[in-house]
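Have a look at data-v7.tsv below; it lists TSV, C-alpha atoms.
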chain	number	residue	atom	x	y	z
A	3	MET	CA	-2.98	-32.91	52.86
A	4	GLU	CA	-3.35	-30.54	49.96
A	5	ALA	CA	-0.06	-31.68	48.40
A	6	GLN	CA	-1.23	-35.28	48.70
A	7	ALA	CA	-4.52	-34.44	46.92
A	8	GLN	CA	-2.65	-32.68	44.13
A	9	GLY	CA	-0.47	-35.72	43.61
A	10	LEU	CA	-3.59	-37.79	42.98
A	11	LEU	CA	-5.14	-35.24	40.61
A	12	GLU	CA	-2.50	-34.55	38.00
A	13	THR	CA	-3.15	-31.59	35.77
A	14	GLU	CA	-0.31	-32.40	33.37
A	15	PRO	CA	-1.14	-34.16	30.09
A	16	LEU	CA	-0.10	-37.78	29.69
A	17	GLN	CA	3.56	-38.22	28.87
A	18	GLY	CA	5.00	-40.85	26.55
A	19	ARG	CA	5.76	-43.31	29.36
A	20	ASP	CA	2.21	-42.93	30.73
A	21	GLU	CA	0.70	-43.69	27.32
A	22	ASP	CA	2.88	-46.79	27.02
A	23	ALA	CA	1.79	-47.95	30.46
A	24	ILE	CA	-1.89	-47.54	29.54
A	25	ALA	CA	-1.45	-49.36	26.24
A	26	SER	CA	0.29	-52.30	27.90
A	27	ALA	CA	-2.17	-52.49	30.82
A	28	ASP	CA	-4.42	-55.48	30.83
A	29	PHE	CA	-7.92	-54.18	31.55
A	30	SER	CA	-9.44	-57.55	30.76
A	31	SER	CA	-8.34	-58.84	34.14
A	32	MET	CA	-10.38	-56.07	35.78
A	33	LEU	CA	-13.58	-56.98	33.90
A	34	SER	CA	-15.87	-59.82	34.72
A	35	GLU	CA	-16.74	-62.45	32.10
A	36	GLU	CA	-20.22	-60.98	31.73
A	37	GLU	CA	-18.84	-57.46	31.04
A	38	LYS	CA	-16.40	-58.89	28.49
A	39	GLU	CA	-19.24	-60.62	26.63
A	40	GLU	CA	-21.31	-57.42	26.61
A	41	LEU	CA	-18.37	-55.40	25.25
A	42	LYS	CA	-17.68	-58.01	22.53
A	43	ALA	CA	-21.35	-57.90	21.48
A	44	GLU	CA	-21.29	-54.09	21.44
A	45	LEU	CA	-18.09	-54.16	19.37
A	46	VAL	CA	-19.68	-56.45	16.76
A	47	GLN	CA	-22.81	-54.27	16.68
A	48	LEU	CA	-20.75	-51.06	16.17
A	49	GLU	CA	-18.76	-52.64	13.35
A	50	ASP	CA	-22.00	-53.72	11.65
A	51	GLU	CA	-23.48	-50.21	12.02
A	52	ILE	CA	-20.34	-48.64	10.58
A	53	THR	CA	-20.47	-50.98	7.58
A	54	THR	CA	-24.17	-50.20	7.05
A	55	LEU	CA	-23.55	-46.45	7.30
A	56	ARG	CA	-20.75	-46.68	4.73
A	57	GLN	CA	-23.07	-48.52	2.32
A	58	VAL	CA	-25.84	-45.96	2.84
A	59	LEU	CA	-23.40	-43.08	2.32
A	60	SER	CA	-22.05	-44.63	-0.88
A	61	ALA	CA	-25.60	-45.14	-2.23
A	62	LYS	CA	-26.54	-41.53	-1.39
A	63	GLU	CA	-23.39	-40.20	-3.10
A	64	ARG	CA	-24.23	-42.18	-6.28
A	65	HIS	CA	-27.80	-40.81	-6.18
A	66	LEU	CA	-26.43	-37.28	-5.75
A	67	VAL	CA	-24.20	-37.68	-8.83
A	68	GLU	CA	-27.17	-38.95	-10.87
A	69	ILE	CA	-29.31	-35.97	-9.87
A	70	LYS	CA	-26.54	-33.51	-10.73
A	71	GLN	CA	-26.09	-35.14	-14.15
A	72	LYS	CA	-29.82	-34.89	-14.84
A	73	LEU	CA	-29.77	-31.20	-13.88
A	74	GLY	CA	-26.72	-30.59	-16.10
A	75	MET	CA	-24.53	-29.57	-13.21
A	76	ASN	CA	-20.88	-30.19	-13.87
A	77	LEU	CA	-17.74	-29.74	-11.83
A	78	MET	CA	-17.15	-26.16	-13.05
A	79	ASN	CA	-20.65	-25.01	-12.07
A	80	GLU	CA	-20.26	-26.69	-8.72
A	81	LEU	CA	-16.92	-24.98	-8.13
A	82	LYS	CA	-18.46	-21.62	-9.03
A	83	GLN	CA	-21.33	-22.18	-6.61
A	84	ASN	CA	-18.95	-23.28	-3.86
A	85	PHE	CA	-16.76	-20.23	-4.47
A	86	SER	CA	-19.75	-17.88	-4.46
A	87	ARG	CA	-21.09	-19.46	-1.28
A	88	SER	CA	-17.66	-19.30	0.39
A	89	TRP	CA	-17.19	-15.67	-0.68
A	90	HIS	CA	-20.61	-14.75	0.70
A	91	ASP	CA	-19.89	-16.60	3.95
A	92	MET	CA	-16.57	-14.81	4.29
A	93	GLN	CA	-18.15	-11.41	3.65
A	94	THR	CA	-20.64	-11.99	6.43
A	95	THR	CA	-17.95	-12.67	9.04
A	96	THR	CA	-17.29	-9.94	11.57
A	97	ALA	CA	-13.54	-10.03	10.86
A	98	TYR	CA	-14.18	-9.24	7.17
A	99	LYS	CA	-16.63	-6.48	8.03
A	100	LYS	CA	-14.20	-4.87	10.46
A	101	THR	CA	-11.32	-5.14	8.00
A	102	HIS	CA	-13.47	-3.71	5.21
A	103	GLU	CA	-14.56	-0.79	7.38
A	104	THR	CA	-10.97	-0.11	8.46
A	105	LEU	CA	-9.65	-0.19	4.89
A	106	SER	CA	-12.54	1.94	3.67
A	107	HIS	CA	-11.84	4.50	6.39
A	108	ALA	CA	-8.12	4.44	5.56
A	109	GLY	CA	-8.94	4.92	1.86
A	110	GLN	CA	-11.10	7.92	2.66
A	111	LYS	CA	-8.33	9.43	4.77
A	112	ALA	CA	-5.77	8.79	2.01
A	113	THR	CA	-8.05	10.42	-0.56
A	114	ALA	CA	-8.50	13.44	1.67
A	115	ALA	CA	-4.74	13.62	2.25
A	116	PHE	CA	-4.01	13.48	-1.50
A	117	SER	CA	-6.64	16.15	-2.09
A	118	ASN	CA	-5.03	18.35	0.56
A	119	VAL	CA	-1.58	17.79	-0.96
A	120	GLY	CA	-2.92	18.71	-4.41
A	121	THR	CA	-4.53	21.86	-3.03
A	122	ALA	CA	-1.32	22.78	-1.21
A	123	ILE	CA	0.76	22.29	-4.38
A	124	SER	CA	-1.69	24.38	-6.40
A	125	LYS	CA	-1.53	27.09	-3.77
A	126	LYS	CA	2.29	26.98	-3.76
A	127	PHE	CA	2.36	27.31	-7.56
A	128	GLY	CA	-0.04	30.24	-7.32
A	129	ASP	CA	2.10	31.86	-4.62
A	130	MET	CA	5.23	31.18	-6.64
A	131	ARG	CA	3.71	32.71	-9.77
A	132	ASN	CA	2.85	35.84	-7.81
A	133	SER	CA	6.35	36.06	-6.32
A	134	PRO	CA	8.69	38.84	-7.54
A	135	THR	CA	11.30	36.29	-8.67
A	136	PHE	CA	8.88	34.53	-10.96
A	137	LYS	CA	7.52	37.80	-12.31
A	138	SER	CA	11.07	38.95	-13.02
A	139	PHE	CA	11.78	35.67	-14.82
A	140	GLU	CA	8.52	35.95	-16.77
A	141	GLU	CA	9.39	39.51	-17.83
A	142	ARG	CA	12.86	38.41	-18.99
A	143	VAL	CA	11.38	35.60	-21.07
A	144	GLU	CA	8.83	37.97	-22.55
A	145	THR	CA	11.55	40.51	-23.36
A	146	THR	CA	13.69	37.81	-24.97
A	147	VAL	CA	10.80	36.55	-27.10
A	148	THR	CA	9.93	40.09	-28.17
A	149	SER	CA	13.54	40.79	-29.04
A	150	LEU	CA	13.75	37.55	-31.04
A	151	LYS	CA	10.59	38.45	-32.90
A	152	THR	CA	12.01	41.85	-33.71
A	153	LYS	CA	15.35	40.46	-34.89
A	154	VAL	CA	13.85	37.66	-36.91
A	155	GLY	CA	10.74	39.31	-38.19
A	156	GLY	CA	12.09	42.83	-38.74
A	157	THR	CA	9.66	45.59	-38.02
A	158	ASN	CA	6.70	43.37	-38.81
A	159	HIS	CA	4.79	43.05	-35.54
A	160	SER	CA	2.04	40.87	-36.93
A	161	GLY	CA	2.40	38.57	-33.95
A	162	GLY	CA	3.03	35.16	-35.44
A	163	SER	CA	2.81	31.96	-33.48
A	164	PHE	CA	5.46	30.83	-31.08
A	165	GLU	CA	6.31	27.93	-33.39
A	166	GLU	CA	6.93	30.33	-36.30
A	167	VAL	CA	9.24	32.42	-34.13
A	168	LEU	CA	11.20	29.31	-33.09
A	169	ASN	CA	11.47	28.07	-36.68
A	170	SER	CA	12.69	31.39	-37.99
A	171	THR	CA	15.15	31.73	-35.08
A	172	ALA	CA	16.52	28.26	-35.81
A	173	HIS	CA	16.80	29.12	-39.50
A	174	ALA	CA	18.66	32.34	-38.73
A	175	SER	CA	20.98	30.58	-36.28
A	176	SER	CA	21.86	27.86	-38.77
A	177	GLN	CA	22.78	30.42	-41.41
A	178	ASN	CA	24.94	32.41	-38.98
A	179	ALA	CA	26.66	29.26	-37.77
A	180	SER	CA	27.45	28.04	-41.29
A	181	GLY	CA	29.38	31.20	-42.01
A	182	GLY	CA	27.32	32.12	-45.02
A	183	PRO	CA	26.41	35.66	-45.86
A	184	ARG	CA	23.89	37.15	-43.57
A	185	GLN	CA	20.59	37.91	-45.19
A	186	THR	CA	18.71	41.04	-44.57
A	187	PRO	CA	15.33	40.76	-42.90
A	188	ASP	CA	13.62	41.47	-46.27
A	189	GLU	CA	15.47	38.58	-47.93
A	190	GLU	CA	14.70	36.35	-45.01
A	191	LEU	CA	10.98	36.97	-45.30
A	192	GLN	CA	11.02	35.87	-48.92
A	193	CYS	CA	12.01	32.31	-48.00
Just give me the structure as structure tokens.
Amino acid sequence: MEAQAQGLLETEPLQGRDEDAIASADFSSMLSEEEKEELKAELVQLEDEITTLRQVLSAKERHLVEIKQKLGMNLMNELKQNFSRSWHDMQTTTAYKKTHETLSHAGQKATAAFSNVGTAISKKFGDMRNSPTFKSFEERVETTVTSLKTKVGGTNHSGGSFEEVLNSTAHASSQNASGGPRQTPDEELQC
């Protein structure tokens, strides 16, 4: 019995052959003459109403254009207003709010992570600078600079800037490389 009831109540959508059968069916034979006349009258009335509504809509659209022209509204202003309204509507949706909150939270976490990385790098540089290897390297560089100052500047320990030391070292190296006579430190200072 249940299978028979299910056969009568199909839950499947209409297939192509079913649509064709409905389109080719002659319902007019099922209707009485009185019902046919009522439907024809209703059809004419609906067509008249549709025509009237189209005319009213067209008149209202012309009136709208006239009002906008009087107010100085042009297409660009209207587009701006529509965009602003759409943007506002979008911002008020729950999906936008949730996405904004999620991205904001992710941005805060990323900022904190970058801050932590920066702190860790600074700490590593500080640890590295305090390491014996770095101190040894720093001492060697200091010794080399002092020795260069002594060789280039003679016994004059007036200090001098790092740039002056480099310039005088380069000058001394170029003279030694060219094979010219080596100048004494006193002659070199006179340059």
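Between CA of Ser149 (chain A) and CA of Thr135 (chain A) there is a distance of 21.0 Å.
From CA of Lys100 (chain A) back to CA of Ser86 (chain A), the distance works out to 20.6 Å.
When CA of Lys62 (chain A) is paired with CA of Met78 (chain A), their separation reads 21.5 Å.
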